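Student: For reference, the file final.cif (mmCIF, C-alpha atoms) is included below:
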data_input
#
loop_
_atom_site.label_atom_id
_atom_site.label_comp_id
_atom_site.auth_asym_id
_atom_site.auth_seq_id
_atom_site.Cartn_x
_atom_site.Cartn_y
_atom_site.Cartn_z
CA MET A 300 -28.78 113.65 -3.18
CA THR A 301 -31.75 111.38 -2.38
CA GLY A 302 -34.67 109.70 -4.14
CA ARG A 303 -34.84 108.01 -7.52
CA LEU A 304 -32.71 109.68 -10.14
CA GLN A 305 -33.47 109.86 -13.84
CA VAL A 306 -30.36 109.62 -16.01
CA VAL A 307 -30.65 110.05 -19.78
CA ILE A 308 -28.04 108.97 -22.30
CA PRO A 309 -28.61 110.43 -25.78
CA LEU A 310 -28.13 108.28 -28.86
CA PHE A 311 -27.55 109.59 -32.37
CA PRO A 312 -26.13 108.32 -35.66
CA ARG A 313 -22.44 107.38 -35.43
CA PHE A 314 -22.09 107.50 -31.64
CA THR A 315 -19.19 105.73 -29.88
CA ALA A 316 -20.58 102.62 -28.23
CA LEU A 317 -18.49 102.52 -25.06
CA ASP A 318 -19.14 106.21 -24.42
CA ALA A 319 -22.77 105.26 -23.83
CA VAL A 320 -22.50 101.68 -22.61
CA GLY A 321 -19.63 102.23 -20.16
CA PRO A 322 -21.53 104.74 -17.99
CA TYR A 323 -24.72 102.70 -18.42
CA GLU A 324 -23.06 99.59 -16.98
CA VAL A 325 -22.01 101.54 -13.91
CA LEU A 326 -25.18 103.54 -13.32
CA GLN A 327 -27.71 100.78 -13.87
CA ARG A 328 -26.15 98.75 -11.06
CA VAL A 329 -27.54 101.17 -8.48
CA PRO A 330 -31.24 100.50 -7.68
CA SER A 331 -32.08 104.17 -7.08
CA ILE A 332 -30.89 105.23 -10.55
CA ASP A 333 -33.08 104.85 -13.64
CA VAL A 334 -31.26 105.02 -16.98
CA THR A 335 -33.04 105.77 -20.26
CA PHE A 336 -31.52 105.93 -23.73
CA ILE A 337 -33.09 108.82 -25.62
CA GLY A 338 -32.76 110.24 -29.12
CA PRO A 339 -34.23 112.70 -31.61
CA HIS A 340 -36.67 109.90 -32.48
CA LEU A 341 -37.52 106.45 -31.18
CA GLY A 342 -35.76 103.39 -32.51
CA GLU A 343 -32.34 102.26 -33.56
CA PHE A 344 -29.17 104.30 -33.90
CA ARG A 345 -26.00 102.80 -35.31
CA SER A 346 -22.52 103.30 -33.86
CA GLU A 347 -19.62 104.86 -35.74
CA ASN A 348 -18.74 101.79 -37.78
CA GLY A 349 -22.35 100.80 -38.36
CA ILE A 350 -21.90 97.40 -36.73
CA LEU A 351 -23.67 97.99 -33.42
CA GLY A 352 -27.20 99.28 -33.13
CA MET A 353 -28.80 100.58 -29.94
CA ILE A 354 -32.42 101.53 -29.28
CA ALA A 355 -33.68 104.87 -28.01
CA ASP A 356 -36.73 104.17 -25.86
CA ALA A 357 -37.75 107.82 -25.58
CA THR A 358 -37.24 111.12 -27.37
CA PHE A 359 -35.53 114.30 -26.25
CA ASP A 360 -38.94 115.96 -26.02
CA GLU A 361 -40.15 113.28 -23.60
CA HIS A 362 -37.34 114.08 -21.18
CA PRO A 363 -37.14 117.86 -20.84
CA ARG A 364 -36.03 117.80 -17.18
CA PRO A 365 -33.74 114.83 -16.45
CA ASP A 366 -31.75 114.73 -13.25
CA VAL A 367 -28.54 113.81 -15.10
CA ILE A 368 -27.41 113.93 -18.72
CA VAL A 369 -24.56 111.70 -19.90
CA PHE A 370 -23.83 112.85 -23.47
CA PRO A 371 -21.63 110.36 -25.34
CA GLY A 372 -19.27 111.20 -28.15
CA GLY A 373 -18.56 109.84 -31.58
CA VAL A 374 -18.12 111.06 -35.14
CA GLY A 375 -21.81 111.96 -35.12
CA THR A 376 -21.24 114.81 -32.69
CA ARG A 377 -19.77 116.83 -35.57
CA VAL A 378 -23.31 117.02 -36.96
CA LEU A 379 -24.98 117.65 -33.60
CA ILE A 380 -22.91 120.76 -32.88
CA ASP A 381 -24.84 122.44 -35.71
CA ASP A 382 -28.24 120.95 -34.84
CA PRO A 383 -30.37 123.72 -33.28
CA SER A 384 -32.97 121.33 -31.86
CA VAL A 385 -30.41 119.21 -30.02
CA LEU A 386 -28.56 122.25 -28.70
CA ALA A 387 -31.83 123.81 -27.55
CA TRP A 388 -32.70 120.62 -25.65
CA VAL A 389 -29.27 120.58 -23.99
CA ARG A 390 -29.65 124.19 -22.84
CA HIS A 391 -33.20 123.69 -21.60
CA ALA A 392 -32.47 120.41 -19.82
CA HIS A 393 -29.28 121.71 -18.23
CA ALA A 394 -31.21 124.51 -16.56
CA THR A 395 -32.71 121.99 -14.13
CA THR A 396 -30.27 119.05 -14.10
CA ARG A 397 -28.40 118.00 -11.02
CA LEU A 398 -25.44 117.20 -13.26
CA THR A 399 -24.80 117.59 -16.98
CA THR A 400 -21.95 115.41 -18.19
CA SER A 401 -20.22 114.23 -21.32
CA VAL A 402 -17.87 111.52 -22.49
CA CYS A 403 -15.29 111.98 -25.22
CA THR A 404 -16.53 114.35 -27.95
CA GLY A 405 -19.87 114.69 -26.22
CA SER A 406 -18.20 117.74 -24.70
CA LEU A 407 -18.27 119.36 -28.15
CA VAL A 408 -22.05 119.31 -27.95
CA LEU A 409 -22.07 120.84 -24.48
CA ALA A 410 -19.63 123.49 -25.70
CA ALA A 411 -21.69 124.23 -28.81
CA ALA A 412 -24.70 124.73 -26.55
CA GLY A 413 -22.73 127.36 -24.63
CA LEU A 414 -22.36 125.36 -21.43
CA LEU A 415 -18.56 125.32 -21.42
CA ASP A 416 -17.75 128.92 -22.29
CA GLY A 417 -14.48 129.81 -20.55
CA LEU A 418 -14.46 126.56 -18.55
CA THR A 419 -11.81 123.89 -18.52
CA ALA A 420 -13.13 120.71 -20.11
CA THR A 421 -11.81 117.52 -21.59
CA THR A 422 -12.50 115.43 -24.67
CA HIS A 423 -10.76 112.88 -26.86
CA TRP A 424 -7.14 113.89 -27.37
CA SER A 425 -7.67 114.24 -31.13
CA CYS A 426 -10.37 116.90 -30.73
CA THR A 427 -8.94 119.45 -28.31
CA ASP A 428 -8.63 122.10 -31.04
CA GLN A 429 -12.33 121.71 -31.87
CA LEU A 430 -13.23 122.00 -28.20
CA ALA A 431 -11.21 125.21 -27.90
CA ALA A 432 -12.84 126.64 -31.00
CA LEU A 433 -16.22 126.16 -29.31
CA GLY A 434 -15.22 128.28 -26.32
CA ALA A 435 -13.91 125.79 -23.77
CA VAL A 436 -10.40 125.59 -22.32
CA PRO A 437 -9.09 122.09 -23.15
CA SER A 438 -7.62 120.02 -20.33
CA ALA A 439 -5.63 116.79 -20.57
CA ASP A 440 -7.21 115.51 -17.35
CA ARG A 441 -9.24 112.32 -17.54
CA VAL A 442 -12.23 113.82 -15.74
CA VAL A 443 -12.85 117.56 -15.24
CA GLU A 444 -15.41 118.75 -12.70
CA HIS A 445 -17.19 122.07 -12.25
CA LEU A 446 -19.62 121.09 -9.54
CA ASP A 447 -20.68 124.67 -8.90
CA GLY A 448 -21.88 124.75 -12.50
CA ARG A 449 -23.17 121.16 -12.36
CA ILE A 450 -20.90 120.06 -15.21
CA ILE A 451 -18.47 117.17 -15.55
CA THR A 452 -16.61 116.18 -18.71
CA ALA A 453 -14.68 112.98 -19.31
CA ALA A 454 -11.95 112.35 -21.86
CA GLY A 455 -11.97 109.62 -24.49
CA VAL A 456 -14.20 106.54 -24.44
CA SER A 457 -13.08 104.45 -21.42
CA SER A 458 -12.92 107.50 -19.14
CA GLY A 459 -16.71 107.47 -19.11
CA ILE A 460 -16.53 104.55 -16.67
CA ASP A 461 -14.41 106.62 -14.28
CA MET A 462 -16.81 109.52 -14.56
CA ALA A 463 -19.86 107.33 -13.99
CA LEU A 464 -18.34 105.98 -10.78
CA ARG A 465 -17.83 109.55 -9.64
CA LEU A 466 -21.45 110.32 -10.52
CA VAL A 467 -22.62 107.49 -8.27
CA GLU A 468 -20.48 108.85 -5.46
CA LEU A 469 -21.97 112.32 -5.89
CA MET A 470 -25.56 111.18 -6.33
CA VAL A 471 -25.63 108.37 -3.75
CA ASP A 472 -22.45 107.83 -1.73
CA ARG A 473 -18.95 106.42 -1.94
CA THR A 474 -19.95 102.93 -0.85
CA ALA A 475 -22.51 102.75 -3.66
CA ALA A 476 -19.83 103.78 -6.15
CA GLU A 477 -17.41 101.22 -4.80
CA ALA A 478 -20.12 98.55 -4.94
CA ALA A 479 -20.82 99.41 -8.58
CA GLN A 480 -17.10 99.22 -9.32
CA LEU A 481 -16.93 95.81 -7.70
CA MET A 482 -20.00 94.54 -9.56
CA ILE A 483 -18.44 95.36 -12.93
CA GLU A 484 -15.06 94.16 -11.61
CA TYR A 485 -13.42 97.34 -12.83
CA ASP A 486 -9.81 96.89 -11.80
CA PRO A 487 -7.80 98.04 -14.84
CA GLN A 488 -4.49 96.32 -15.44
CA PRO A 489 -3.82 97.02 -19.12
CA PRO A 490 -1.07 95.08 -20.88
CA PHE A 491 0.32 98.29 -22.41
CA GLY A 492 1.03 101.76 -21.10
CA SER A 493 -0.26 103.63 -24.13
CA GLY A 494 -3.66 104.68 -22.84
CA SER A 495 -3.04 108.41 -22.98
CA LEU A 496 -1.35 110.76 -25.41
CA ALA A 497 1.30 111.57 -22.80
CA LYS A 498 2.31 107.90 -22.55
CA ALA A 499 2.06 106.78 -26.17
CA THR A 500 5.04 106.58 -28.51
CA ASP A 501 5.13 108.54 -31.75
CA ALA A 502 4.62 105.30 -33.70
CA THR A 503 1.55 104.45 -31.63
CA VAL A 504 0.05 107.91 -32.15
CA ALA A 505 0.68 107.71 -35.88
CA ARG A 506 -1.02 104.31 -36.09
CA ALA A 507 -4.00 105.55 -34.09
CA ILE A 508 -4.42 108.53 -36.42
CA GLU A 509 -4.11 106.23 -39.44
CA TYR A 510 -6.83 103.93 -38.13
CA ALA A 511 -9.09 106.86 -37.28
CA GLN A 512 -8.74 108.31 -40.78
CA LEU A 513 -9.58 104.97 -42.38
CA ARG A 514 -12.75 104.73 -40.28
CA LYS A 515 -14.18 108.06 -41.40
#
Show how you would write the structure in this file as structure tokens.
Tutor:
Amino acid sequence: MTGRLQVVIPLFPRFTALDAVGPYEVLQRVPSIDVTFIGPHLGEFRSENGILGMIADATFDEHPRPDVIVFPGGVGTRVLIDDPSVLAWVRHAHATTRLTTSVCTGSLVLAAAGLLDGLTATTHWSCTDQLAALGAVPSADRVVEHLDGRIITAAGVSSGIDMALRLVELMVDRTAAEAAQLMIEYDPQPPFGSGSLAKATDATVARAIEYAQLRK
């Protein structure tokens, strides 16, 4: 893929911050990629806990034909899956994208728009049942690709960084992706081995569920 690429990252009330900011930090490092935060209206949208606000500089209507969509997740996606205007934009934009992608529960929106019918896809581990109910086949993989259908989904939150690096490789080349990785010094060495459901103890899972319930 050559030329300047327009990537849009939708914002909406109660989005997960790292779902949007993680891919942004990777993609904006590459000079040939333009990243725009868009929303149903211009202005500020607050993250799940209301602490962080981010600004949409353009609307969905202003970007009907982006090259790439990176749809973040968050509690707010539960509203978007029933929003006909957002789903219509997703369907229309996907018809001409080079890649349509999601992070975390952003895949619920893609599924609700009909883009994941019968396809394997991933999401946050706590929402696989919802993803299945919307017609996708849940996968525990960190990143799931269907390049023939121009779709990539990433699992929970931090996996968006992995996916964004893969996007750079696909849209530019491997060296560009490796350069972006180096610029953000992404060399994970976590102090704990509980970063996936398969690795976490029962006590850790229970605590995570407790914290998630308190945040709702």
Student: Show me, as a PyMOL selection string, the residues that have an atom within 12 Å of Pro330 of chain A when counting only C-alpha atoms, minus same-chain residues fewer than 2 positions from it.
Tutor: chain A and resi 302-305+325-328+332-334+467+471+475-476+478-479
Student: Can you tell me which residues surround segment 490-503 of chain A at a distance of at most 12 Å, considering all atoms listed in the file, apart from same-chain residues fewer than 2 positions away, and format the answer as a ChimeraX atom specification?
Tutor: /A:422-425,427,439-441,454-458,487-488,505-510
Student: In Å, with one decimal, what is the gap from atom CA of Val306 of chain A to atom CA of Gly405 of chain A?
Tutor: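 According to the coordinates, atom CA of Val306 of chain A and atom CA of Gly405 of chain A are separated by 15.5 Å.
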Student: Measuring atom to atom with all atoms listed in the file, identify which of A:Val374, A:Ala453, A:Met470, A:Met353 is nearest to Pro309 of chain A.
Tutor: A:Met353
Student: Counting only C-alpha atoms, which of A:Pro322, A:Pro383, A:Gly448, A:Pro312 gets nearest to Leu466 of chain A?
Tutor: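 Smallest distance to Leu466 of chain A is found for A:Pro322.
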Student: When you look at Ala411 of chain A with a cut-off of 8 Å (counting all atoms listed in the file), what residues show up, excluding the ones that are within fewer than 3 positions of it in the same chain? I need them as a compact mmCIF listing (two decimals) with C-alpha atoms, in the frame of the given file.
Tutor:
# COMPACT_ATOMS: atom_id res chain seq x y z
CA ILE A 380 -22.91 120.76 -32.88
CA ASP A 381 -24.84 122.44 -35.71
CA LEU A 386 -28.56 122.25 -28.70
CA LEU A 407 -18.27 119.36 -28.15
CA VAL A 408 -22.05 119.31 -27.95
CA LEU A 414 -22.36 125.36 -21.43
CA LEU A 433 -16.22 126.16 -29.31
Student: For Arg345 of chain A, which of A:Pro489, A:Gly373, A:Pro365, A:Gly321 is the closest residue, counting all atoms listed in the file?
Tutor: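 Going through A:Pro489, A:Gly373, A:Pro365, A:Gly321 one by one, the smallest distance to Arg345 of chain A is for A:Gly373.
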Student: Quick one: distance from atom CA of Val329 of chain A to atom CA of Ile350 of chain A in Å, one decimal?
Tutor: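 Between these atoms lies a distance of 29.1 Å.
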Student: I would like the residues chosen by the PyMOL selection byres ((chain A and resi 399) around 6) on the shown file; could you give them as a PyMOL selection string?
Tutor: chain A and resi 367-368+398+400+450
Student: Go through A:Ala316, A:Val402, A:Leu415, A:Leu469 and flag the residue nearest Leu351 of chain A, using only C-alpha atoms for the distances.
Tutor: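 Closest to Leu351 of chain A of all the choices is A:Ala316.
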